[in-house]
Structures are given as structure tokens and as C-alpha cells.
file my_file.tsv (TSV, C-alpha atoms)
chain	number	residue	atom	x	y	z
A	262	MET	CA	38.32	-26.24	44.36
A	263	VAL	CA	35.40	-28.54	43.83
A	264	ALA	CA	32.02	-27.48	45.21
A	265	THR	CA	29.15	-29.89	45.67
A	266	GLY	CA	25.61	-28.93	46.55
A	267	PRO	CA	24.40	-25.51	47.59
A	268	GLU	CA	27.07	-23.27	49.06
A	269	HIS	CA	26.92	-22.38	52.72
A	270	PRO	CA	28.20	-18.98	53.93
A	271	ASN	CA	30.69	-20.72	56.22
A	272	ALA	CA	32.31	-22.27	53.14
A	273	ASP	CA	32.96	-18.72	51.91
A	274	VAL	CA	34.84	-17.94	55.14
A	275	VAL	CA	37.18	-20.88	54.55
A	276	ARG	CA	37.62	-20.04	50.86
A	277	ALA	CA	38.62	-16.51	51.90
A	278	LEU	CA	41.12	-18.03	54.34
A	279	TYR	CA	42.79	-20.14	51.65
A	280	ARG	CA	42.97	-17.15	49.27
A	281	ALA	CA	44.54	-15.05	52.03
A	282	MET	CA	47.03	-17.81	52.88
A	283	GLU	CA	48.07	-18.03	49.22
A	284	ARG	CA	48.80	-14.27	49.25
A	285	SER	CA	50.36	-14.36	52.76
A	286	ASP	CA	47.76	-11.74	53.72
A	287	VAL	CA	48.20	-11.89	57.50
A	288	SER	CA	45.67	-9.13	58.16
A	289	THR	CA	42.87	-10.99	56.37
A	290	ILE	CA	43.88	-14.30	57.95
A	291	ARG	CA	43.63	-12.75	61.43
A	292	SER	CA	40.27	-11.12	60.62
A	293	LEU	CA	38.77	-14.53	59.76
A	294	HIS	CA	39.75	-16.10	63.10
A	295	ALA	CA	38.13	-15.61	66.50
A	296	ASP	CA	40.37	-14.01	69.13
A	297	ASP	CA	40.46	-17.29	71.08
A	298	PHE	CA	41.03	-19.54	68.02
A	299	VAL	CA	42.71	-22.89	68.81
A	300	ALA	CA	44.37	-25.26	66.33
A	301	HIS	CA	44.80	-28.95	67.21
A	302	VAL	CA	47.63	-30.72	65.37
A	303	GLY	CA	47.99	-34.43	66.01
A	304	GLY	CA	51.01	-36.65	65.97
A	305	ASP	CA	54.42	-36.71	67.59
A	306	SER	CA	56.50	-33.95	66.03
A	307	PRO	CA	57.59	-30.38	66.79
A	308	VAL	CA	54.36	-29.04	65.19
A	309	ALA	CA	52.01	-31.35	67.16
A	310	GLY	CA	49.90	-29.93	69.93
A	311	ASP	CA	47.24	-27.35	70.68
A	312	TRP	CA	48.16	-23.89	69.41
A	313	SER	CA	46.55	-20.51	70.06
A	314	GLY	CA	47.38	-16.83	70.28
A	315	GLN	CA	51.00	-15.78	69.82
A	316	ALA	CA	52.18	-19.41	69.95
A	317	LEU	CA	50.08	-20.12	66.84
A	318	ALA	CA	51.51	-17.08	65.05
A	319	ASP	CA	55.03	-18.19	66.01
A	320	LEU	CA	54.32	-21.70	64.72
A	321	ALA	CA	53.11	-20.31	61.37
A	322	ALA	CA	56.29	-18.22	61.07
A	323	THR	CA	58.45	-21.23	61.94
A	324	ILE	CA	56.70	-23.36	59.31
A	325	ARG	CA	57.27	-20.66	56.65
A	326	THR	CA	60.95	-20.45	57.64
A	327	GLU	CA	61.51	-24.22	57.91
A	328	THR	CA	59.96	-24.85	54.48
A	329	ASP	CA	61.58	-21.81	52.83
A	330	GLY	CA	58.04	-20.72	51.93
A	331	THR	CA	57.33	-23.91	49.95
A	332	GLN	CA	54.34	-25.03	52.04
A	333	ARG	CA	51.10	-25.00	50.06
A	334	ALA	CA	47.58	-26.10	50.92
A	335	GLU	CA	45.29	-26.48	47.92
A	336	PRO	CA	41.65	-27.06	48.85
A	337	ARG	CA	40.01	-29.88	46.91
A	338	HIS	CA	36.60	-30.15	48.61
A	339	ILE	CA	34.82	-27.85	51.06
A	340	MET	CA	31.66	-28.89	52.89
A	341	ALA	CA	29.94	-26.61	55.38
A	342	THR	CA	27.13	-26.55	57.94
A	343	ASP	CA	26.00	-23.89	60.39
A	344	ARG	CA	28.70	-24.94	62.89
A	345	PHE	CA	31.44	-26.74	60.97
A	346	VAL	CA	33.43	-26.63	57.75
A	347	ALA	CA	35.33	-29.68	56.51
A	348	VAL	CA	38.08	-29.21	53.96
A	349	ILE	CA	40.06	-31.85	52.12
A	350	HIS	CA	43.20	-30.23	50.84
A	351	ARG	CA	46.43	-31.29	49.20
A	352	TRP	CA	49.34	-30.26	51.38
A	353	THR	CA	52.87	-30.01	49.96
A	354	ALA	CA	56.15	-28.69	51.34
A	355	SER	CA	59.91	-29.18	51.20
A	356	ARG	CA	62.29	-29.08	54.14
A	357	HIS	CA	65.97	-30.01	54.48
A	358	GLY	CA	65.95	-31.69	51.05
A	359	ARG	CA	62.85	-33.76	51.81
A	360	SER	CA	59.39	-33.28	50.34
A	361	ILE	CA	55.90	-34.21	51.45
A	362	ASP	CA	52.67	-34.44	49.44
A	363	GLN	CA	49.54	-35.54	51.30
A	364	GLU	CA	45.84	-35.07	51.42
A	365	THR	CA	44.64	-33.69	54.74
A	366	LEU	CA	41.23	-33.34	56.32
A	367	ILE	CA	40.77	-30.08	58.18
A	368	VAL	CA	37.67	-29.49	60.29
A	369	TYR	CA	36.87	-25.96	61.43
A	370	ARG	CA	34.33	-24.99	64.07
A	371	VAL	CA	32.70	-21.68	63.17
A	372	HIS	CA	31.20	-19.28	65.70
A	373	ASP	CA	29.61	-15.94	64.80
A	374	GLY	CA	31.07	-16.09	61.28
A	375	LYS	CA	34.65	-16.58	62.51
A	376	LEU	CA	36.87	-19.64	62.63
A	377	ALA	CA	36.96	-20.67	66.29
A	378	GLU	CA	38.74	-24.03	66.29
A	379	ARG	CA	40.60	-26.32	63.89
A	380	TRP	CA	41.42	-30.03	63.85
A	381	GLU	CA	43.90	-31.55	61.40
A	382	PHE	CA	43.90	-35.17	60.21
A	383	VAL	CA	46.78	-36.00	57.86
A	384	GLU	CA	46.78	-38.84	55.36
A	385	ASP	CA	49.94	-40.48	56.74
A	386	GLN	CA	50.70	-39.40	60.30
A	387	GLN	CA	54.08	-41.17	60.46
A	388	ALA	CA	55.29	-39.49	57.25
A	389	HIS	CA	54.06	-36.14	58.60
A	390	ASP	CA	55.87	-36.67	61.91
A	391	ASP	CA	59.05	-37.78	60.12
A	392	PHE	CA	58.94	-34.72	57.83
A	393	TRP	CA	58.75	-32.28	60.76
A	394	SER	CA	61.11	-34.20	63.06
A	395	PHE	CA	63.95	-34.75	60.58
A	396	GLU	CA	67.12	-32.79	61.25
A	397	PRO	CA	69.97	-32.99	58.75
A	398	PRO	CA	73.27	-34.38	60.03
A	399	ILE	CA	75.75	-31.79	61.20
A	400	ASN	CA	78.88	-31.76	59.09
A	401	GLU	CA	81.90	-31.49	61.33

call {"tool": "encode", "arguments": {"input": "my_file.tsv", "output": "C-alpha cells"}}
result
Amino acid sequence: MVATGPEHPNADVVRALYRAMERSDVSTIRSLHADDFVAHVGGDSPVAGDWSGQALADLAATIRTETDGTQRAEPRHIMATDRFVAVIHRWTASRHGRSIDQETLIVYRVHDGKLAERWEFVEDQQAHDDFWSFEPPINE
């Protein structure tokens, strides 16, 4: 991770999130999010949409299963203010014999020290959509 300028406490929240995600530490991940956390994923694929609550947990489990645990998000830059944290991370995964490697901009809204909302902006939306929409041919 590259840090520029003085660190903001909200940057520490996001750093803790990435460390917890790397360890698959679900308890810590949940503790960093507000109860009404919402994630906004753009595009036109099975993972696109607004996700919260149990639906968000189910999506995370599906992504782990679909990628056989290969999905990784490596933060490159983290910039924080009192209300927002922006993260540029390298996102990689493999699924059905296909791989993806993109930089992604994630913007978090922070409220009372917890992550309250998330927006995702991928480097190549079409490649992202194709990656998640691809289904291998059925051998008959």
C-alpha cells in the first residue's frame, strides 16, 4: 500500500478491512461495517446492483465459490477525509478458466467510524461484466 500525506483515521478503518478480507476474518469485516451498509456495483452482470444485509453476505459467499477463492483485492492507494475514503486497488480473480486483472476505484462513505456505503468503479466495465456473466458450455 502506498500512503501519501498525513494519515486520516478513516484510512485505518479501510486498511483494517483489507487485512481482514485477506484473512477471511468475517467477524472483523462485519464489525467495520454499519448495520445498514449498502454496496453499489455497476454494470450489467450477475454481481451488479445494490447489495445490503444478508443479500450482500450471500453475494460475497457466491463470489468466493465462483472464483474458487482466487479473488484478491490489493490496495495501491488510500485517500481519506472525514466522510469518505477512496481506494485504488488491483483486483484479480479466476473463474471457469478465465482470469481478470484490473484496477478498481472504490469509494466508501464513513459514518461514526464505520463503513456505511460503497461505490465500485472498475477499469473496464465490459471485461468485468463478461467475466461475471460467462458460463462455460455444457458438455452433452

call {"tool": "closest_residue", "arguments": {"input": "my_file.tsv", "among": "A:Leu293, A:Asp329, A:Phe382, A:His372", "to": "Arg351 in chain A", "atoms": "all atoms listed in the file"}}
result
A:Phe382

call {"tool": "atom_distance", "arguments": {"input": "my_file.tsv", "atom1": "CA of His357 in chain A", "atom2": "CA of Gln387 in chain A"}}
result
17.4 Å

call {"tool": "atom_distance", "arguments": {"input": "my_file.tsv", "atom1": "CA of Arg276 in chain A", "atom2": "CA of Val348 in chain A"}}
result
9.7 Å

call {"tool": "axis_aligned_box", "arguments": {"input": "my_file.tsv", "around": "range 311-328 of chain A", "padding_each_side": "4 Å", "output": "AutoDock Vina command-line options"}}
result
--center_x 54.0 --center_y -21.6 --center_z 62.6 --size_x 23.0 --size_y 19.6 --size_z 24.2

call {"tool": "residues_around", "arguments": {"input": "my_file.tsv", "residues": "Gly303 in chain A", "least_positions_apart": "4", "cutoff": "7 Å", "atoms": "all atoms listed in the file", "output": "MDAnalysis selection string"}}
result
chainID A and resid 309:310 381

call {"tool": "closest_residue", "arguments": {"input": "my_file.tsv", "among": "A:Leu317, A:Ile399, A:Asn271, A:Gly330", "to": "Val302 in chain A", "atoms": "only C-alpha atoms"}}
result
A:Leu317

call {"tool": "residues_near_point", "arguments": {"input": "my_file.tsv", "point": "(60.7, -35.1, 63.5)", "cutoff": "12 Å", "atoms": "all atoms listed in the file", "output": "ChimeraX atom specification"}}
result
/A:304-309,356-357,359,386-397

call {"tool": "residues_near_point", "arguments": {"input": "my_file.tsv", "point": "(35.8, -19.0, 54.7)", "cutoff": "10 Å", "atoms": "all atoms listed in the file", "output": "number ranges by chain"}}
result
A: 269-281, 290, 293-294, 339, 341, 346, 369, 371, 374-376

call {"tool": "build_atoms", "arguments": {"input": "my_file.tsv", "residues": "range 274-298 of chain A", "atoms": "N, CA, C and O atoms", "output": "mmCIF file, in the frame of the given file"}}
result
data_model
loop_
_atom_site.group_PDB
_atom_site.id
_atom_site.type_symbol
_atom_site.label_atom_id
_atom_site.label_comp_id
_atom_site.auth_asym_id
_atom_site.auth_seq_id
_atom_site.Cartn_x
_atom_site.Cartn_y
_atom_site.Cartn_z
ATOM 1 N N VAL A 274 33.831 -18.361 54.162
ATOM 2 C CA VAL A 274 34.840 -17.940 55.140
ATOM 3 C C VAL A 274 36.123 -18.721 54.923
ATOM 4 O O VAL A 274 37.223 -18.162 54.891
ATOM 5 N N VAL A 275 35.991 -20.029 54.730
ATOM 6 C CA VAL A 275 37.180 -20.880 54.550
ATOM 7 C C VAL A 275 37.829 -20.615 53.193
ATOM 8 O O VAL A 275 39.053 -20.582 53.089
ATOM 9 N N ARG A 276 37.035 -20.382 52.168
ATOM 10 C CA ARG A 276 37.620 -20.040 50.860
ATOM 11 C C ARG A 276 38.439 -18.745 50.971
ATOM 12 O O ARG A 276 39.523 -18.638 50.419
ATOM 13 N N ALA A 277 37.888 -17.771 51.695
ATOM 14 C CA ALA A 277 38.620 -16.510 51.900
ATOM 15 C C ALA A 277 39.920 -16.765 52.648
ATOM 16 O O ALA A 277 40.952 -16.143 52.346
ATOM 17 N N LEU A 278 39.897 -17.687 53.602
ATOM 18 C CA LEU A 278 41.120 -18.030 54.340
ATOM 19 C C LEU A 278 42.183 -18.588 53.403
ATOM 20 O O LEU A 278 43.340 -18.165 53.438
ATOM 21 N N TYR A 279 41.810 -19.541 52.559
ATOM 22 C CA TYR A 279 42.790 -20.140 51.650
ATOM 23 C C TYR A 279 43.341 -19.104 50.658
ATOM 24 O O TYR A 279 44.534 -19.113 50.350
ATOM 25 N N ARG A 280 42.476 -18.209 50.168
ATOM 26 C CA ARG A 280 42.970 -17.150 49.270
ATOM 27 C C ARG A 280 43.953 -16.249 50.001
ATOM 28 O O ARG A 280 44.999 -15.889 49.454
ATOM 29 N N ALA A 281 43.645 -15.907 51.239
ATOM 30 C CA ALA A 281 44.540 -15.050 52.030
ATOM 31 C C ALA A 281 45.860 -15.757 52.330
ATOM 32 O O ALA A 281 46.931 -15.142 52.292
ATOM 33 N N MET A 282 45.794 -17.053 52.616
ATOM 34 C CA MET A 282 47.030 -17.810 52.880
ATOM 35 C C MET A 282 47.906 -17.841 51.632
ATOM 36 O O MET A 282 49.127 -17.703 51.730
ATOM 37 N N GLU A 283 47.301 -17.998 50.473
ATOM 38 C CA GLU A 283 48.070 -18.030 49.220
ATOM 39 C C GLU A 283 48.805 -16.706 48.997
ATOM 40 O O GLU A 283 49.905 -16.682 48.464
ATOM 41 N N ARG A 284 48.186 -15.600 49.420
ATOM 42 C CA ARG A 284 48.800 -14.270 49.250
ATOM 43 C C ARG A 284 49.639 -13.858 50.454
ATOM 44 O O ARG A 284 50.196 -12.759 50.461
ATOM 45 N N SER A 285 49.693 -14.706 51.488
ATOM 46 C CA SER A 285 50.360 -14.360 52.760
ATOM 47 C C SER A 285 49.784 -13.072 53.335
ATOM 48 O O SER A 285 50.498 -12.236 53.883
ATOM 49 N N ASP A 286 48.476 -12.923 53.241
ATOM 50 C CA ASP A 286 47.760 -11.740 53.720
ATOM 51 C C ASP A 286 47.391 -11.946 55.191
ATOM 52 O O ASP A 286 46.295 -12.382 55.535
ATOM 53 N N VAL A 287 48.342 -11.638 56.072
ATOM 54 C CA VAL A 287 48.200 -11.890 57.500
ATOM 55 C C VAL A 287 47.010 -11.133 58.090
ATOM 56 O O VAL A 287 46.284 -11.660 58.935
ATOM 57 N N SER A 288 46.774 -9.927 57.646
ATOM 58 C CA SER A 288 45.670 -9.130 58.160
ATOM 59 C C SER A 288 44.327 -9.813 57.912
ATOM 60 O O SER A 288 43.484 -9.922 58.814
ATOM 61 N N THR A 289 44.113 -10.293 56.694
ATOM 62 C CA THR A 289 42.870 -10.990 56.370
ATOM 63 C C THR A 289 42.777 -12.303 57.130
ATOM 64 O O THR A 289 41.713 -12.649 57.666
ATOM 65 N N ILE A 290 43.877 -13.030 57.211
ATOM 66 C CA ILE A 290 43.880 -14.300 57.950
ATOM 67 C C ILE A 290 43.437 -14.061 59.388
ATOM 68 O O ILE A 290 42.563 -14.754 59.906
ATOM 69 N N ARG A 291 44.013 -13.055 60.039
ATOM 70 C CA ARG A 291 43.630 -12.750 61.430
ATOM 71 C C ARG A 291 42.169 -12.355 61.536
ATOM 72 O O ARG A 291 41.484 -12.722 62.485
ATOM 73 N N SER A 292 41.658 -11.600 60.553
ATOM 74 C CA SER A 292 40.270 -11.120 60.620
ATOM 75 C C SER A 292 39.263 -12.261 60.500
ATOM 76 O O SER A 292 38.114 -12.115 60.928
ATOM 77 N N LEU A 293 39.659 -13.391 59.944
ATOM 78 C CA LEU A 293 38.770 -14.530 59.760
ATOM 79 C C LEU A 293 38.716 -15.451 60.981
ATOM 80 O O LEU A 293 37.865 -16.324 61.063
ATOM 81 N N HIS A 294 39.657 -15.254 61.902
ATOM 82 C CA HIS A 294 39.750 -16.100 63.100
ATOM 83 C C HIS A 294 39.208 -15.375 64.330
ATOM 84 O O HIS A 294 39.421 -14.178 64.501
ATOM 85 N N ALA A 295 38.554 -16.138 65.209
ATOM 86 C CA ALA A 295 38.130 -15.610 66.500
ATOM 87 C C ALA A 295 39.376 -15.300 67.338
ATOM 88 O O ALA A 295 40.437 -15.901 67.133
ATOM 89 N N ASP A 296 39.236 -14.378 68.270
ATOM 90 C CA ASP A 296 40.370 -14.010 69.130
ATOM 91 C C ASP A 296 40.907 -15.196 69.918
ATOM 92 O O ASP A 296 42.104 -15.263 70.200
ATOM 93 N N ASP A 297 40.037 -16.135 70.280
ATOM 94 C CA ASP A 297 40.460 -17.290 71.080
ATOM 95 C C ASP A 297 40.588 -18.570 70.232
ATOM 96 O O ASP A 297 40.469 -19.675 70.745
ATOM 97 N N PHE A 298 40.871 -18.409 68.940
ATOM 98 C CA PHE A 298 41.030 -19.540 68.020
ATOM 99 C C PHE A 298 42.075 -20.524 68.552
ATOM 100 O O PHE A 298 43.120 -20.125 69.073
#
